[in-house]
file work-v6.cif (mmCIF, N, CA and C atoms and all ligand atoms)
data_input
loop_
_atom_site.label_atom_id
_atom_site.label_comp_id
_atom_site.auth_asym_id
_atom_site.auth_seq_id
_atom_site.Cartn_x
_atom_site.Cartn_y
_atom_site.Cartn_z
N MET A 25 -54.98 -51.04 -59.11
CA MET A 25 -55.12 -50.81 -57.67
C MET A 25 -53.78 -50.38 -57.10
N LYS A 26 -53.87 -49.56 -56.07
CA LYS A 26 -52.65 -48.98 -55.48
C LYS A 26 -52.67 -49.19 -53.98
N LYS A 27 -51.49 -49.38 -53.43
CA LYS A 27 -51.37 -49.41 -51.97
C LYS A 27 -50.71 -48.13 -51.50
N ILE A 28 -51.35 -47.51 -50.52
CA ILE A 28 -50.78 -46.33 -49.87
C ILE A 28 -50.27 -46.78 -48.52
N GLU A 29 -49.00 -46.55 -48.31
CA GLU A 29 -48.41 -46.83 -47.01
C GLU A 29 -48.00 -45.48 -46.44
N ALA A 30 -48.62 -45.09 -45.35
CA ALA A 30 -48.32 -43.78 -44.78
C ALA A 30 -47.76 -43.96 -43.38
N ILE A 31 -46.62 -43.31 -43.13
CA ILE A 31 -46.04 -43.29 -41.79
C ILE A 31 -46.37 -41.93 -41.20
N ILE A 32 -47.07 -41.94 -40.09
CA ILE A 32 -47.54 -40.67 -39.52
C ILE A 32 -47.21 -40.58 -38.03
N LYS A 33 -47.39 -39.37 -37.49
CA LYS A 33 -47.24 -39.20 -36.05
C LYS A 33 -48.41 -39.89 -35.35
N PRO A 34 -48.11 -40.65 -34.28
CA PRO A 34 -49.17 -41.43 -33.64
C PRO A 34 -50.40 -40.62 -33.26
N TYR A 35 -50.22 -39.41 -32.76
CA TYR A 35 -51.41 -38.66 -32.29
C TYR A 35 -52.27 -38.17 -33.45
N LYS A 36 -51.81 -38.33 -34.67
CA LYS A 36 -52.58 -37.91 -35.84
C LYS A 36 -53.50 -39.02 -36.38
N LEU A 37 -53.42 -40.19 -35.78
CA LEU A 37 -54.17 -41.32 -36.35
C LEU A 37 -55.67 -41.06 -36.45
N GLU A 38 -56.26 -40.53 -35.37
CA GLU A 38 -57.71 -40.30 -35.39
C GLU A 38 -58.10 -39.30 -36.47
N ASP A 39 -57.31 -38.24 -36.60
CA ASP A 39 -57.60 -37.23 -37.63
C ASP A 39 -57.51 -37.85 -39.03
N VAL A 40 -56.50 -38.67 -39.24
CA VAL A 40 -56.32 -39.28 -40.56
C VAL A 40 -57.46 -40.25 -40.84
N LYS A 41 -57.83 -41.01 -39.83
CA LYS A 41 -58.94 -41.96 -39.99
C LYS A 41 -60.22 -41.21 -40.36
N ASP A 42 -60.50 -40.12 -39.66
CA ASP A 42 -61.71 -39.33 -39.96
C ASP A 42 -61.66 -38.75 -41.37
N ALA A 43 -60.49 -38.25 -41.75
CA ALA A 43 -60.36 -37.66 -43.08
C ALA A 43 -60.57 -38.69 -44.17
N LEU A 44 -60.08 -39.90 -43.94
CA LEU A 44 -60.27 -40.97 -44.93
C LEU A 44 -61.72 -41.42 -44.98
N ARG A 45 -62.37 -41.41 -43.84
CA ARG A 45 -63.78 -41.79 -43.83
C ARG A 45 -64.60 -40.77 -44.62
N GLU A 46 -64.22 -39.51 -44.51
CA GLU A 46 -64.95 -38.47 -45.23
C GLU A 46 -64.85 -38.62 -46.74
N VAL A 47 -63.71 -39.12 -47.22
CA VAL A 47 -63.61 -39.34 -48.67
C VAL A 47 -63.99 -40.78 -49.04
N GLU A 48 -64.62 -41.45 -48.09
CA GLU A 48 -65.21 -42.77 -48.32
C GLU A 48 -64.21 -43.84 -48.74
N VAL A 49 -63.04 -43.78 -48.10
CA VAL A 49 -62.10 -44.88 -48.28
C VAL A 49 -62.41 -45.92 -47.21
N SER A 50 -62.68 -47.13 -47.65
CA SER A 50 -63.06 -48.14 -46.67
C SER A 50 -61.93 -49.14 -46.48
N GLY A 51 -61.65 -49.42 -45.25
CA GLY A 51 -60.66 -50.44 -44.94
C GLY A 51 -59.26 -49.89 -44.79
N MET A 52 -58.63 -50.23 -43.69
CA MET A 52 -57.23 -49.88 -43.52
C MET A 52 -56.59 -50.80 -42.50
N THR A 53 -55.30 -50.91 -42.59
CA THR A 53 -54.53 -51.66 -41.60
C THR A 53 -53.61 -50.69 -40.91
N VAL A 54 -53.55 -50.79 -39.60
CA VAL A 54 -52.74 -49.86 -38.81
C VAL A 54 -51.75 -50.66 -37.97
N SER A 55 -50.50 -50.21 -37.95
CA SER A 55 -49.49 -50.87 -37.12
C SER A 55 -48.71 -49.82 -36.34
N GLU A 56 -48.28 -50.22 -35.17
CA GLU A 56 -47.35 -49.38 -34.41
C GLU A 56 -45.95 -49.76 -34.87
N VAL A 57 -45.22 -48.76 -35.33
CA VAL A 57 -43.87 -49.04 -35.84
C VAL A 57 -42.88 -48.07 -35.21
N LYS A 58 -41.63 -48.30 -35.47
CA LYS A 58 -40.58 -47.36 -35.04
C LYS A 58 -39.73 -47.03 -36.25
N GLY A 59 -39.29 -45.81 -36.33
CA GLY A 59 -38.47 -45.48 -37.48
C GLY A 59 -37.72 -44.18 -37.29
N TYR A 60 -36.97 -43.84 -38.32
CA TYR A 60 -36.35 -42.52 -38.33
C TYR A 60 -36.25 -42.04 -39.76
N GLY A 61 -36.22 -40.74 -39.91
CA GLY A 61 -36.07 -40.12 -41.22
C GLY A 61 -34.70 -39.49 -41.33
N ARG A 62 -34.62 -38.39 -42.02
CA ARG A 62 -33.29 -37.85 -42.30
C ARG A 62 -32.63 -37.18 -41.11
N GLN A 63 -33.41 -36.85 -40.07
CA GLN A 63 -32.77 -36.32 -38.85
C GLN A 63 -32.32 -37.46 -37.93
N GLN A 64 -32.59 -38.67 -38.35
CA GLN A 64 -32.19 -39.85 -37.61
C GLN A 64 -32.69 -39.82 -36.17
N GLY A 65 -33.88 -39.32 -36.00
CA GLY A 65 -34.49 -39.34 -34.68
C GLY A 65 -34.13 -38.16 -33.81
N HIS A 66 -33.18 -37.35 -34.25
CA HIS A 66 -32.81 -36.16 -33.50
C HIS A 66 -33.52 -34.96 -34.10
N SER A 67 -33.78 -33.96 -33.26
CA SER A 67 -34.39 -32.76 -33.81
C SER A 67 -33.36 -31.96 -34.60
N GLU A 68 -32.08 -32.15 -34.30
CA GLU A 68 -31.02 -31.53 -35.10
C GLU A 68 -29.87 -32.51 -35.22
N LEU A 69 -29.16 -32.37 -36.30
CA LEU A 69 -28.01 -33.24 -36.51
C LEU A 69 -26.76 -32.38 -36.48
N TYR A 70 -25.88 -32.62 -35.52
CA TYR A 70 -24.69 -31.79 -35.38
C TYR A 70 -23.55 -32.40 -36.17
N ARG A 71 -23.03 -31.64 -37.09
CA ARG A 71 -21.97 -32.16 -37.95
C ARG A 71 -20.73 -32.49 -37.12
N GLY A 72 -20.23 -33.67 -37.31
CA GLY A 72 -19.00 -34.06 -36.63
C GLY A 72 -19.22 -34.58 -35.22
N ALA A 73 -20.39 -34.29 -34.66
CA ALA A 73 -20.63 -34.75 -33.29
C ALA A 73 -21.00 -36.23 -33.31
N GLU A 74 -20.62 -36.89 -32.28
CA GLU A 74 -20.98 -38.29 -32.18
C GLU A 74 -22.45 -38.38 -31.78
N TYR A 75 -23.17 -39.26 -32.42
CA TYR A 75 -24.58 -39.38 -32.08
C TYR A 75 -25.03 -40.81 -32.28
N VAL A 76 -26.10 -41.14 -31.65
CA VAL A 76 -26.72 -42.44 -31.90
C VAL A 76 -28.05 -42.20 -32.61
N VAL A 77 -28.42 -43.16 -33.42
CA VAL A 77 -29.69 -43.08 -34.11
C VAL A 77 -30.80 -43.49 -33.14
N ASP A 78 -31.82 -42.66 -33.07
CA ASP A 78 -32.97 -42.99 -32.22
C ASP A 78 -34.17 -43.37 -33.07
N PHE A 79 -34.78 -44.48 -32.72
CA PHE A 79 -36.05 -44.83 -33.35
C PHE A 79 -37.16 -44.10 -32.61
N LEU A 80 -38.03 -43.49 -33.38
CA LEU A 80 -39.18 -42.80 -32.79
C LEU A 80 -40.45 -43.59 -33.10
N PRO A 81 -41.39 -43.61 -32.16
CA PRO A 81 -42.65 -44.32 -32.42
C PRO A 81 -43.45 -43.62 -33.51
N LYS A 82 -43.93 -44.40 -34.44
CA LYS A 82 -44.76 -43.88 -35.53
C LYS A 82 -45.92 -44.84 -35.75
N ILE A 83 -46.88 -44.40 -36.50
CA ILE A 83 -47.98 -45.28 -36.92
C ILE A 83 -47.88 -45.49 -38.42
N LYS A 84 -48.01 -46.74 -38.81
CA LYS A 84 -48.06 -47.04 -40.25
C LYS A 84 -49.49 -47.41 -40.63
N ILE A 85 -49.98 -46.73 -41.65
CA ILE A 85 -51.32 -47.01 -42.18
C ILE A 85 -51.15 -47.63 -43.55
N GLU A 86 -51.84 -48.71 -43.80
CA GLU A 86 -51.83 -49.30 -45.14
C GLU A 86 -53.26 -49.30 -45.68
N ILE A 87 -53.41 -48.78 -46.87
CA ILE A 87 -54.73 -48.70 -47.51
C ILE A 87 -54.56 -49.12 -48.96
N VAL A 88 -55.44 -50.00 -49.40
CA VAL A 88 -55.46 -50.36 -50.82
C VAL A 88 -56.71 -49.74 -51.44
N VAL A 89 -56.51 -49.01 -52.52
CA VAL A 89 -57.62 -48.28 -53.16
C VAL A 89 -57.63 -48.54 -54.66
N LYS A 90 -58.80 -48.25 -55.24
CA LYS A 90 -58.86 -48.22 -56.71
C LYS A 90 -58.00 -47.06 -57.18
N LYS A 91 -57.46 -47.22 -58.36
CA LYS A 91 -56.57 -46.19 -58.89
C LYS A 91 -57.26 -44.82 -58.90
N GLU A 92 -58.55 -44.83 -59.24
CA GLU A 92 -59.26 -43.55 -59.34
C GLU A 92 -59.45 -42.87 -57.98
N ASP A 93 -59.29 -43.62 -56.89
CA ASP A 93 -59.45 -43.06 -55.55
C ASP A 93 -58.12 -42.65 -54.92
N LEU A 94 -57.04 -42.91 -55.63
CA LEU A 94 -55.72 -42.68 -55.04
C LEU A 94 -55.50 -41.22 -54.63
N GLU A 95 -55.80 -40.33 -55.54
CA GLU A 95 -55.46 -38.93 -55.29
C GLU A 95 -56.23 -38.36 -54.10
N LYS A 96 -57.52 -38.66 -54.03
CA LYS A 96 -58.29 -38.09 -52.92
C LYS A 96 -57.87 -38.69 -51.59
N ALA A 97 -57.46 -39.96 -51.60
CA ALA A 97 -57.00 -40.58 -50.36
C ALA A 97 -55.67 -39.97 -49.91
N VAL A 98 -54.77 -39.80 -50.84
CA VAL A 98 -53.47 -39.21 -50.50
C VAL A 98 -53.65 -37.77 -50.02
N ASP A 99 -54.50 -37.02 -50.70
CA ASP A 99 -54.76 -35.63 -50.27
C ASP A 99 -55.33 -35.59 -48.85
N ALA A 100 -56.24 -36.51 -48.57
CA ALA A 100 -56.86 -36.56 -47.23
C ALA A 100 -55.80 -36.84 -46.16
N ILE A 101 -54.88 -37.73 -46.48
CA ILE A 101 -53.82 -38.05 -45.50
C ILE A 101 -52.92 -36.84 -45.28
N ILE A 102 -52.52 -36.22 -46.38
CA ILE A 102 -51.62 -35.07 -46.25
C ILE A 102 -52.28 -33.97 -45.43
N GLN A 103 -53.51 -33.66 -45.76
CA GLN A 103 -54.18 -32.56 -45.06
C GLN A 103 -54.38 -32.85 -43.58
N SER A 104 -54.62 -34.09 -43.24
CA SER A 104 -54.91 -34.40 -41.84
C SER A 104 -53.67 -34.71 -41.02
N ALA A 105 -52.58 -35.10 -41.67
CA ALA A 105 -51.38 -35.50 -40.92
C ALA A 105 -50.34 -34.39 -40.82
N LYS A 106 -50.51 -33.35 -41.59
CA LYS A 106 -49.46 -32.33 -41.68
C LYS A 106 -49.51 -31.33 -40.53
N THR A 107 -48.34 -31.13 -39.92
CA THR A 107 -48.20 -30.04 -38.95
C THR A 107 -47.24 -28.97 -39.47
N GLY A 108 -46.43 -29.36 -40.44
CA GLY A 108 -45.42 -28.44 -40.96
C GLY A 108 -44.07 -28.57 -40.26
N LYS A 109 -44.04 -29.39 -39.22
CA LYS A 109 -42.77 -29.59 -38.50
C LYS A 109 -42.11 -30.88 -38.98
N ILE A 110 -40.83 -31.00 -38.65
CA ILE A 110 -40.12 -32.21 -39.07
C ILE A 110 -40.78 -33.44 -38.44
N GLY A 111 -40.66 -34.54 -39.15
CA GLY A 111 -41.20 -35.80 -38.63
C GLY A 111 -42.68 -36.01 -38.92
N ASP A 112 -43.26 -35.21 -39.79
CA ASP A 112 -44.68 -35.38 -40.13
C ASP A 112 -44.95 -36.71 -40.81
N GLY A 113 -43.92 -37.28 -41.40
CA GLY A 113 -44.09 -38.61 -41.98
C GLY A 113 -43.92 -38.64 -43.47
N LYS A 114 -44.27 -39.77 -44.02
CA LYS A 114 -44.00 -40.01 -45.43
C LYS A 114 -45.06 -40.94 -45.99
N ILE A 115 -45.27 -40.82 -47.29
CA ILE A 115 -46.26 -41.68 -47.97
C ILE A 115 -45.56 -42.43 -49.09
N PHE A 116 -45.76 -43.73 -49.10
CA PHE A 116 -45.20 -44.57 -50.16
C PHE A 116 -46.36 -45.18 -50.93
N ILE A 117 -46.27 -45.18 -52.24
CA ILE A 117 -47.35 -45.71 -53.08
C ILE A 117 -46.79 -46.79 -53.99
N THR A 118 -47.47 -47.93 -53.99
CA THR A 118 -47.03 -49.04 -54.84
C THR A 118 -48.22 -49.63 -55.60
N ASN A 119 -47.90 -50.39 -56.61
CA ASN A 119 -48.94 -51.09 -57.36
C ASN A 119 -49.34 -52.37 -56.64
N ILE A 120 -50.63 -52.67 -56.73
CA ILE A 120 -51.14 -53.93 -56.17
C ILE A 120 -51.58 -54.81 -57.32
N GLU A 121 -51.09 -56.03 -57.31
CA GLU A 121 -51.35 -56.95 -58.42
C GLU A 121 -52.73 -57.59 -58.31
N LYS A 122 -53.09 -57.98 -57.10
CA LYS A 122 -54.31 -58.76 -56.97
C LYS A 122 -54.87 -58.63 -55.56
N VAL A 123 -56.20 -58.58 -55.48
CA VAL A 123 -56.89 -58.56 -54.19
C VAL A 123 -57.97 -59.64 -54.23
N ILE A 124 -58.10 -60.36 -53.15
CA ILE A 124 -59.14 -61.40 -53.05
C ILE A 124 -59.87 -61.24 -51.73
N ARG A 125 -61.19 -61.14 -51.77
CA ARG A 125 -61.97 -61.18 -50.53
C ARG A 125 -62.20 -62.65 -50.19
N ILE A 126 -61.67 -63.06 -49.06
CA ILE A 126 -61.66 -64.49 -48.73
C ILE A 126 -63.08 -65.05 -48.66
N ARG A 127 -64.01 -64.30 -48.02
CA ARG A 127 -65.36 -64.84 -47.79
C ARG A 127 -66.08 -65.16 -49.09
N THR A 128 -65.94 -64.29 -50.08
CA THR A 128 -66.78 -64.41 -51.29
C THR A 128 -65.99 -64.81 -52.53
N ASN A 129 -64.69 -64.80 -52.41
CA ASN A 129 -63.82 -65.05 -53.55
C ASN A 129 -63.89 -63.94 -54.62
N GLU A 130 -64.47 -62.78 -54.26
CA GLU A 130 -64.45 -61.65 -55.18
C GLU A 130 -63.01 -61.22 -55.41
N LYS A 131 -62.79 -60.64 -56.58
CA LYS A 131 -61.41 -60.31 -56.96
C LYS A 131 -61.27 -58.81 -57.25
N ASN A 132 -60.07 -58.36 -57.01
CA ASN A 132 -59.62 -57.03 -57.41
C ASN A 132 -60.56 -55.91 -56.97
N GLU A 133 -60.97 -55.03 -57.89
CA GLU A 133 -61.73 -53.84 -57.46
C GLU A 133 -63.01 -54.20 -56.71
N GLU A 134 -63.59 -55.33 -57.04
CA GLU A 134 -64.81 -55.74 -56.33
C GLU A 134 -64.51 -56.20 -54.91
N ALA A 135 -63.27 -56.48 -54.66
CA ALA A 135 -62.90 -56.99 -53.35
C ALA A 135 -62.34 -55.90 -52.44
N ILE A 136 -62.22 -54.69 -52.96
CA ILE A 136 -61.65 -53.61 -52.13
C ILE A 136 -62.74 -53.02 -51.22
N1 LIG B 1 -36.58 -43.43 -46.73
C1 LIG B 1 -37.40 -44.00 -45.85
N2 LIG B 1 -37.64 -45.32 -45.90
C2 LIG B 1 -38.47 -45.92 -45.02
N3 LIG B 1 -39.09 -45.26 -44.05
C3 LIG B 1 -38.88 -43.96 -43.94
C4 LIG B 1 -38.03 -43.25 -44.84
N4 LIG B 1 -38.03 -41.94 -44.47
C5 LIG B 1 -38.87 -41.84 -43.44
N5 LIG B 1 -39.37 -43.04 -43.10
C6 LIG B 1 -40.31 -43.35 -42.05
O1 LIG B 1 -41.14 -42.21 -41.85
C7 LIG B 1 -41.02 -41.73 -40.52
C8 LIG B 1 -41.12 -40.23 -40.53
O2 LIG B 1 -40.10 -39.70 -41.35
P1 LIG B 1 -39.86 -38.14 -41.38
O3 LIG B 1 -41.17 -37.46 -41.49
O4 LIG B 1 -38.99 -37.75 -40.22
O5 LIG B 1 -39.07 -38.01 -42.76
P2 LIG B 1 -37.96 -36.96 -43.16
O6 LIG B 1 -37.51 -37.34 -44.51
O7 LIG B 1 -36.95 -36.89 -42.07
O8 LIG B 1 -38.80 -35.60 -43.28
P3 LIG B 1 -38.76 -34.33 -42.29
O9 LIG B 1 -37.58 -33.53 -42.69
O10 LIG B 1 -40.06 -33.64 -42.54
O11 LIG B 1 -38.65 -34.85 -40.89
C9 LIG B 1 -39.70 -42.29 -40.04
O12 LIG B 1 -39.69 -42.41 -38.62
C10 LIG B 1 -39.65 -43.63 -40.71
O13 LIG B 1 -40.45 -44.55 -39.99
MG MG B 2 -37.50 -36.37 -40.16
#
call {"tool": "encode", "arguments": {"input": "work-v6.cif", "output": "structure tokens"}}
result
Amino acid sequence: MKKIEAIIKPYKLEDVKDALREVEVSGMTVSEVKGYGRQQGHSELYRGAEYVVDFLPKIKIEIVVKKEDLEKAVDAIIQSAKTGKIGDGKIFITNIEKVIRIRTNEKNEEAI
């Protein structure tokens, strides 16, 4: 099992949610976060100029999927979140050791 953590532009959330529903990924956690990437919150970085780092509002989506569903889920996120401009976001993928559905005590893939 894999966890996909995607940081996206807030206004793209609905599109990403729809795209994930279309590839039948069920379940996600969404948080409002703040962050910066390599432009450090600025649209341009002026060499030598004094600047402050700005946190920009972003949305973090967390989805845990079966390994076989990873690629289609990641593709759906990329296609729906991409504008081609800076700040489109980033996707982090990690391994998940164990999943438990609290209500039924089902484990791992059966609990996703
Ligand atoms: N290395 C990182 N570690 C943790 N979070 C990050 C990292 N890079 C980006 N993020 C998160 O992703 C958000 C969007 O990053 P962003 O898309 O600006 O990345 P970038 O590397 O600057 O790419 P681009 O050049 O397309 O802007 C950031 O606001 C931050 O929340
Ligand atoms: Mg950036």
call {"tool": "atom_distance", "arguments": {"input": "work-v6.cif", "atom1": "atom CA of Val123 of chain A", "atom2": "atom C10 of ligand LIG 1 (chain B)"}}
result
26.5 Å
call {"tool": "closest_residue", "arguments": {"input": "work-v6.cif", "among": "A:Asp112, A:Glu86, A:Glu133, A:Glu38", "to": "ligand LIG 1 (chain B)", "atoms": "all atoms listed in the file"}}
result
A:Asp112
call {"tool": "residues_near_ligand", "arguments": {"input": "work-v6.cif", "ligand": "ligand LIG 1 (chain B)", "cutoff": "9 Å", "atoms": "only C-alpha atoms and all ligand atoms", "output": "ChimeraX atom specification"}}
result
/A:30-33,57-65,67,79-84,108-116
call {"tool": "closest_residue", "arguments": {"input": "work-v6.cif", "among": "A:Glu92, A:Asp78, A:Asp99, A:Thr128", "to": "ligand MG 2 (chain B)", "atoms": "only C-alpha atoms and all ligand atoms"}}
result
A:Asp78
call {"tool": "atom_distance", "arguments": {"input": "work-v6.cif", "atom1": "atom C of Lys36 of chain A", "atom2": "atom N of Ala100 of chain A"}}
result
12.7 Å
call {"tool": "closest_residue", "arguments": {"input": "work-v6.cif", "among": "A:Val89, A:Ala105, A:Ala135, A:Ala97", "to": "Lys27 of chain A", "atoms": "only C-alpha atoms"}}
result
A:Val89
call {"tool": "residues_around", "arguments": {"input": "work-v6.cif", "residues": "Ile117 of chain A", "least_positions_apart": "6", "cutoff": "10 Å", "atoms": "only C-alpha atoms", "output": "JSON, numbers by chain"}}
result
{"A": [26, 27, 28, 29, 30, 86, 87, 88, 94, 98]}
call {"tool": "select_by_dssp", "arguments": {"input": "work-v6.cif", "residues": "segment 75-132 of chain A", "states": "strand (DSSP E or B)", "output": "list of chain:residue names"}}
result
A:Leu80, A:Pro81, A:Lys82, A:Ile83, A:Lys84, A:Ile85, A:Glu86, A:Ile87, A:Val88, A:Val89, A:Gly113, A:Lys114, A:Ile115, A:Phe116, A:Ile117, A:Thr118, A:Asn119, A:Ile124, A:Lys131
call {"tool": "atom_distance", "arguments": {"input": "work-v6.cif", "atom1": "atom CA of Asp93 of chain A", "atom2": "atom CA of Gly51 of chain A"}}
result
13.0 Å
call {"tool": "closest_residue", "arguments": {"input": "work-v6.cif", "among": "A:Gln103, A:Lys90, A:Val54, A:Glu46", "to": "Ile136 of chain A", "atoms": "only N, CA and C atoms"}}
result
A:Lys90
call {"tool": "residues_around", "arguments": {"input": "work-v6.cif", "residues": "Ile101 of chain A", "least_positions_apart": "6", "cutoff": "6.5 Å", "atoms": "all atoms listed in the file", "output": "list in words"}}
result
Val40, Ala43 and Leu44 of chain A
call {"tool": "residues_near_point", "arguments": {"input": "work-v6.cif", "point": "(-53.1, -47.4, -61.0)", "cutoff": "7 Å", "atoms": "only C-alpha atoms", "output": "list of chain:residue names"}}
result
A:Met25, A:Lys26, A:Lys91, A:Asn119
